[in-house]
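The structure file my_file_21.pdb is reproduced below (PDB, C-alpha atoms and all ligand atoms).
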```pdb
ATOM      1  CA  MET A  18      56.827 266.976  51.173
ATOM      2  CA  THR A  19      58.443 267.814  47.857
ATOM      3  CA  ARG A  20      56.129 268.846  45.053
ATOM      4  CA  LEU A  21      57.992 270.709  42.358
ATOM      5  CA  ILE A  22      56.931 272.111  39.015
ATOM      6  CA  PHE A  23      59.709 272.958  36.560
ATOM      7  CA  LEU A  24      59.242 275.928  34.255
ATOM      8  CA  GLY A  25      61.660 277.232  31.686
ATOM      9  CA  PRO A  26      62.164 277.361  27.932
ATOM     10  CA  PRO A  27      63.003 274.242  25.911
ATOM     11  CA  GLY A  28      66.698 273.595  26.467
ATOM     12  CA  SER A  29      66.765 275.214  29.913
ATOM     13  CA  GLY A  30      67.745 271.894  31.491
ATOM     14  CA  LYS A  31      64.491 271.300  33.331
ATOM     15  CA  GLY A  32      64.303 267.658  32.219
ATOM     16  CA  THR A  33      67.853 266.940  33.387
ATOM     17  CA  GLN A  34      67.371 268.716  36.703
ATOM     18  CA  ALA A  35      63.988 267.150  37.409
ATOM     19  CA  LYS A  36      65.372 263.693  36.681
ATOM     20  CA  THR A  37      68.502 264.161  38.808
ATOM     21  CA  LEU A  38      66.537 265.399  41.808
ATOM     22  CA  ALA A  39      63.823 262.753  41.407
ATOM     23  CA  ASP A  40      66.531 260.062  41.477
ATOM     24  CA  THR A  41      68.181 261.645  44.517
ATOM     25  CA  TRP A  42      64.940 261.809  46.462
ATOM     26  CA  SER A  43      63.372 258.618  45.017
ATOM     27  CA  LEU A  44      60.322 260.515  43.850
ATOM     28  CA  PRO A  45      58.443 260.143  40.564
ATOM     29  CA  HIS A  46      59.711 262.329  37.726
ATOM     30  CA  ILE A  47      56.667 263.126  35.634
ATOM     31  CA  SER A  48      57.623 264.498  32.233
ATOM     32  CA  THR A  49      54.744 265.031  29.813
ATOM     33  CA  GLY A  50      57.271 265.154  26.935
ATOM     34  CA  ASP A  51      58.697 261.732  27.946
ATOM     35  CA  ILE A  52      55.232 260.204  28.332
ATOM     36  CA  LEU A  53      54.243 261.529  24.905
ATOM     37  CA  ARG A  54      57.470 260.321  23.248
ATOM     38  CA  GLN A  55      56.926 256.857  24.731
ATOM     39  CA  ALA A  56      53.300 256.820  23.521
ATOM     40  CA  LEU A  57      54.542 257.814  20.083
ATOM     41  CA  LYS A  58      57.090 255.003  20.047
ATOM     42  CA  ASP A  59      54.451 252.476  21.183
ATOM     43  CA  LYS A  60      52.013 253.837  18.580
ATOM     44  CA  THR A  61      49.224 254.116  21.148
ATOM     45  CA  PRO A  62      46.122 256.148  20.221
ATOM     46  CA  LEU A  63      47.515 258.999  22.341
ATOM     47  CA  GLY A  64      50.858 258.828  20.541
ATOM     48  CA  ILE A  65      49.218 258.814  17.140
ATOM     49  CA  LYS A  66      47.122 261.862  18.027
ATOM     50  CA  ALA A  67      50.126 263.730  19.474
ATOM     51  CA  GLN A  68      52.688 263.035  16.754
ATOM     52  CA  SER A  69      51.909 265.748  14.209
ATOM     53  CA  TYR A  70      51.861 268.446  16.899
ATOM     54  CA  MET A  71      55.158 267.319  18.367
ATOM     55  CA  ASP A  72      56.867 267.070  14.998
ATOM     56  CA  ARG A  73      55.885 270.667  14.252
ATOM     57  CA  GLY A  74      56.873 272.011  17.673
ATOM     58  CA  GLU A  75      53.266 272.833  18.508
ATOM     59  CA  LEU A  76      51.580 272.083  21.798
ATOM     60  CA  VAL A  77      49.482 268.947  21.965
ATOM     61  CA  PRO A  78      45.836 269.889  22.782
ATOM     62  CA  ASP A  79      45.299 270.633  26.488
ATOM     63  CA  LYS A  80      42.729 267.866  26.973
ATOM     64  CA  LEU A  81      45.176 265.114  25.942
ATOM     65  CA  VAL A  82      47.930 266.195  28.321
ATOM     66  CA  GLU A  83      45.519 267.058  31.109
ATOM     67  CA  ASP A  84      44.082 263.532  31.062
ATOM     68  CA  MET A  85      47.624 262.124  31.098
ATOM     69  CA  VAL A  86      48.667 264.226  34.080
ATOM     70  CA  SER A  87      45.457 263.514  35.930
ATOM     71  CA  ASP A  88      45.967 259.748  35.509
ATOM     72  CA  ARG A  89      49.608 259.929  36.508
ATOM     73  CA  LEU A  90      49.124 262.110  39.602
ATOM     74  CA  SER A  91      46.301 259.847  40.763
ATOM     75  CA  GLN A  92      48.675 256.911  41.121
ATOM     76  CA  PRO A  93      49.698 256.021  44.679
ATOM     77  CA  ASP A  94      53.452 256.545  44.180
ATOM     78  CA  THR A  95      52.841 260.292  43.978
ATOM     79  CA  ASN A  96      51.617 260.484  47.569
ATOM     80  CA  SER A  97      55.060 261.184  48.949
ATOM     81  CA  GLY A  98      55.830 263.905  46.396
ATOM     82  CA  TRP A  99      56.613 264.422  42.712
ATOM     83  CA  LEU A 100      58.562 266.488  40.215
ATOM     84  CA  LEU A 101      56.579 267.710  37.253
ATOM     85  CA  ASP A 102      58.459 268.700  34.112
ATOM     86  CA  GLY A 103      56.867 270.118  30.958
ATOM     87  CA  PHE A 104      53.459 270.676  32.515
ATOM     88  CA  PRO A 105      51.756 273.126  32.759
ATOM     89  CA  ARG A 106      52.614 274.816  29.446
ATOM     90  CA  THR A 107      49.583 277.126  29.216
ATOM     91  CA  VAL A 108      47.542 279.178  31.672
ATOM     92  CA  ASN A 109      44.608 276.840  31.030
ATOM     93  CA  GLN A 110      46.756 273.868  32.031
ATOM     94  CA  ALA A 111      47.869 275.736  35.165
ATOM     95  CA  LEU A 112      44.240 276.355  36.142
ATOM     96  CA  PHE A 113      43.496 272.684  35.497
ATOM     97  CA  LEU A 114      46.455 271.622  37.630
ATOM     98  CA  GLU A 115      45.429 273.884  40.490
ATOM     99  CA  GLU A 116      42.012 272.234  40.565
ATOM    100  CA  LEU A 117      43.465 268.731  40.205
ATOM    101  CA  LEU A 118      45.913 269.244  43.084
ATOM    102  CA  ARG A 119      43.114 270.597  45.235
ATOM    103  CA  LYS A 120      41.006 267.502  44.520
ATOM    104  CA  LEU A 121      43.947 265.200  45.290
ATOM    105  CA  SER A 122      44.820 267.212  48.434
ATOM    106  CA  HIS A 123      48.321 267.717  47.091
ATOM    107  CA  ASN A 124      49.278 271.133  48.390
ATOM    108  CA  GLY A 125      52.340 273.320  48.911
ATOM    109  CA  GLU A 126      53.758 272.868  45.424
ATOM    110  CA  LYS A 127      56.648 275.110  44.434
ATOM    111  CA  VAL A 128      57.604 276.266  40.967
ATOM    112  CA  ILE A 129      61.209 276.419  39.825
ATOM    113  CA  ASN A 130      61.817 278.785  36.930
ATOM    114  CA  LEU A 131      65.101 278.001  35.192
ATOM    115  CA  GLU A 132      66.403 281.197  33.645
ATOM    116  CA  VAL A 133      68.631 280.772  30.601
ATOM    117  CA  PRO A 134      69.399 283.387  27.904
ATOM    118  CA  ASP A 135      67.867 282.787  24.442
ATOM    119  CA  ASP A 136      71.160 282.256  22.599
ATOM    120  CA  VAL A 137      72.293 279.624  25.116
ATOM    121  CA  VAL A 138      68.998 277.773  24.751
ATOM    122  CA  VAL A 139      69.267 277.613  20.953
ATOM    123  CA  GLU A 140      72.878 276.452  21.159
ATOM    124  CA  ARG A 141      71.963 273.662  23.592
ATOM    125  CA  LEU A 142      68.984 272.486  21.535
ATOM    126  CA  LEU A 143      71.048 272.327  18.355
ATOM    127  CA  GLU A 144      73.597 270.182  20.182
ATOM    128  CA  ARG A 145      70.967 267.808  21.583
ATOM    129  CA  GLY A 146      69.794 266.568  18.185
ATOM    130  CA  ARG A 147      66.381 265.177  19.138
ATOM    131  CA  LYS A 148      63.858 264.714  16.304
ATOM    132  CA  ASP A 149      62.062 267.959  17.203
ATOM    133  CA  ASP A 150      65.374 269.809  17.512
ATOM    134  CA  ALA A 151      65.668 270.755  13.813
ATOM    135  CA  GLU A 152      66.262 274.498  13.524
ATOM    136  CA  GLU A 153      62.813 275.340  12.101
ATOM    137  CA  VAL A 154      61.077 273.346  14.813
ATOM    138  CA  ILE A 155      63.267 274.863  17.538
ATOM    139  CA  ARG A 156      62.260 278.323  16.371
ATOM    140  CA  ARG A 157      58.611 277.377  16.561
ATOM    141  CA  ARG A 158      58.960 275.783  20.003
ATOM    142  CA  LEU A 159      60.607 278.916  21.357
ATOM    143  CA  GLU A 160      57.842 281.047  19.894
ATOM    144  CA  VAL A 161      55.215 278.793  21.470
ATOM    145  CA  TYR A 162      57.123 279.057  24.758
ATOM    146  CA  ARG A 163      57.106 282.865  24.606
ATOM    147  CA  ASN A 164      53.424 283.107  23.708
ATOM    148  CA  GLU A 165      51.896 280.298  25.754
ATOM    149  CA  THR A 166      54.220 279.281  28.570
ATOM    150  CA  LYS A 167      56.055 282.451  29.609
ATOM    151  CA  PRO A 168      52.857 283.993  31.040
ATOM    152  CA  LEU A 169      53.039 281.249  33.691
ATOM    153  CA  ILE A 170      55.973 283.091  35.278
ATOM    154  CA  ASN A 171      53.617 285.899  36.299
ATOM    155  CA  TYR A 172      50.860 283.439  37.083
ATOM    156  CA  TYR A 173      52.964 281.640  39.687
ATOM    157  CA  SER A 174      54.759 284.740  40.863
ATOM    158  CA  ASP A 175      51.365 286.349  41.637
ATOM    159  CA  ARG A 176      50.516 283.247  43.681
ATOM    160  CA  GLN A 177      53.827 283.433  45.589
ATOM    161  CA  ARG A 178      54.885 280.038  44.308
ATOM    162  CA  LEU A 179      57.745 281.030  42.008
ATOM    163  CA  LEU A 180      61.406 280.390  42.784
ATOM    164  CA  LYS A 181      63.974 281.678  40.278
ATOM    165  CA  VAL A 182      67.121 279.727  39.526
ATOM    166  CA  ASN A 183      69.989 280.663  37.225
ATOM    167  CA  GLY A 184      70.004 277.836  34.673
ATOM    168  CA  ASN A 185      73.102 279.155  32.923
ATOM    169  CA  GLN A 186      75.665 277.393  35.122
ATOM    170  CA  SER A 187      77.018 273.854  35.287
ATOM    171  CA  GLN A 188      74.510 271.074  35.842
ATOM    172  CA  GLU A 189      75.802 270.518  39.402
ATOM    173  CA  GLU A 190      75.626 274.215  40.258
ATOM    174  CA  VAL A 191      72.030 274.399  39.047
ATOM    175  CA  THR A 192      71.101 271.333  41.122
ATOM    176  CA  ASP A 193      72.690 272.899  44.211
ATOM    177  CA  GLU A 194      70.918 276.186  43.670
ATOM    178  CA  ILE A 195      67.556 274.430  43.334
ATOM    179  CA  LYS A 196      68.147 272.551  46.598
ATOM    180  CA  LYS A 197      69.062 275.821  48.264
ATOM    181  CA  VAL A 198      66.046 277.843  47.090
ATOM    182  CA  ILE A 199      63.507 275.190  48.022
ATOM    183  CA  ALA A 200      65.022 274.878  51.502
ATOM    184  CA  SER A 201      64.944 278.608  52.216
TER     185      SER A 201
HETATM  186  P1  LIG A 301      59.284 268.516  26.049
HETATM  187  O1  LIG A 301      60.004 267.213  26.118
HETATM  188  O2  LIG A 301      58.728 268.956  27.369
HETATM  189  O3  LIG A 301      60.091 269.600  25.374
HETATM  190  O4  LIG A 301      58.009 268.276  25.110
HETATM  191  C1  LIG A 301      58.130 267.863  23.773
HETATM  192  C2  LIG A 301      56.834 268.141  23.014
HETATM  193  O5  LIG A 301      55.757 267.424  23.625
HETATM  194  C3  LIG A 301      56.377 269.594  23.019
HETATM  195  O6  LIG A 301      56.995 270.349  21.998
HETATM  196  C4  LIG A 301      54.882 269.440  22.804
HETATM  197  O7  LIG A 301      54.581 269.138  21.456
HETATM  198  C5  LIG A 301      54.569 268.210  23.627
HETATM  199  N1  LIG A 301      54.221 268.557  25.033
HETATM  200  C6  LIG A 301      54.913 268.232  26.155
HETATM  201  N2  LIG A 301      54.310 268.700  27.252
HETATM  202  C7  LIG A 301      53.199 269.360  26.821
HETATM  203  C8  LIG A 301      52.167 270.090  27.461
HETATM  204  N3  LIG A 301      52.145 270.255  28.788
HETATM  205  N4  LIG A 301      51.187 270.615  26.693
HETATM  206  C9  LIG A 301      51.174 270.464  25.364
HETATM  207  N5  LIG A 301      52.129 269.800  24.687
HETATM  208  C10 LIG A 301      53.140 269.253  25.399
END
```
What does this structure look like when you write it as structure tokens?
Amino acid sequence: MTRLIFLGPPGSGKGTQAKTLADTWSLPHISTGDILRQALKDKTPLGIKAQSYMDRGELVPDKLVEDMVSDRLSQPDTNSGWLLDGFPRTVNQALFLEELLRKLSHNGEKVINLEVPDDVVVERLLERGRKDDAEEVIRRRLEVYRNETKPLINYYSDRQRLLKVNGNQSQEEVTDEIKKVIAS
């Protein structure tokens, strides 16, 4: 059973890797960023609430994303596994997820931490050119990552769930390394 959580700074390639592997294994790729961007495009109440946070590079309030993830992971297509990308982003979200997975009897999840140096991350984000990839917003997102999300590395390492992968290699090499570490 493959249940993978992708950690790593913005621009670490977690979205690309999660999507590639989800396609390979025919498992749902659950990206909170993608779900939020779609909601924003569709102008749903969720999208409208999330927009100002996303535009500024801030985190959307925990409750909004937690409800989203809870709904998504409760759908039957997740029973054979899933790849979660962009969630959790805070220790509170990680605690929420632990409880949710316990309730759903989804166990044995592993956490992939994609390690990429700061300067490489900034370079990649500037190239990507998404709406929230303006330099000011990038700076803020990296700061939010350092303050809110980075503590999750210790959180999952303490729980013996963390697998480290060098994200500063070609896309194919990263994919191979992920396959290798989860098999070992
Ligand atoms: P991403 O595509 O994962 O980089 O997410 C884009 C933006 O969506 C982030 O900068 C946040 O504003 C918001 N977002 C995505 N996932 C979360 C989350 N787990 N918690 C709070 N905000 C999130």
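Minimum atom-to-atom distances from A:Arg156, A:Ile170, A:Ile47, A:Arg163 to A:Leu143 were compared using only C-alpha atoms, and the lowest value belongs to A:Arg156.
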May I ask you to write as an NGL selection string all residues lying at most 9 Å from ligand LIG 301 (chain A), with all atoms listed in the file counted?
:A and (26-28 or 31-32 or 48-54 or 67-83 or 86 or 102-107 or 110 or 149 or 154-155 or 158 or 161)
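Among the candidate residues A:Lys60, A:Lys196, A:Leu121, A:Val182, the one lying nearest to A:Gln92 is A:Leu121, with distances computed using only C-alpha atoms.
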Residues returned when the PyMOL selection byres (((chain A and resi 126-132) around 8) and not hetatm) runs on this file, as a list of chain:residue names
A:Thr19, A:Arg20, A:Leu21, A:Ile22, A:Phe23, A:Leu24, A:Gly25, A:Pro26, A:Ser29, A:Gly30, A:Lys31, A:His123, A:Asn124, A:Gly125, A:Val133, A:Pro134, A:Ile170, A:Tyr173, A:Arg178, A:Leu179, A:Leu180, A:Lys181, A:Val182, A:Asn183, A:Gly184, A:Asn185, A:Ile195, A:Ile199
What gap, in Å, lies between atom CA of A:Leu44 and atom CA of A:Asn96?
9.5 Å
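Residue nearest A:Leu169 within the list A:Leu112, A:Leu117, A:Val138, A:Val198: A:Leu112 [criterion: smallest interatomic distance, only C-alpha atoms].
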If you count all atoms listed in the file, the residue of A:Lys120, A:Glu152, A:Ser187, A:Gln177 closest to A:Ser91 turns out to be A:Lys120
Using all atoms listed in the file, the shortest atom-to-atom distance to A:Asn109 among A:Pro168, A:Asp40, A:Thr192, A:Ala35 belongs to A:Pro168
Six-sided padding of 3 Å per side, axis-aligned box over stretch 123-127 of chain A, centre and edges in Å, one decimal, as AutoDock Vina command-line options:
```
--center_x 52.5 --center_y 271.4 --center_z 46.7 --size_x 14.3 --size_y 13.4 --size_z 10.5
```
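From atom CA of A:Pro45 back to atom CA of A:Leu100, the distance works out to 6.4 Å.
For the atom pair formed by atom CA of A:Leu142 and atom CA of A:Lys167, the distance is 18.2 Å, given to one decimal.
With distances taken over only C-alpha atoms, A:Ala39 is the one residue among A:Met85, A:Ala39, A:Leu159, A:Val137 lying closest to A:Trp99.
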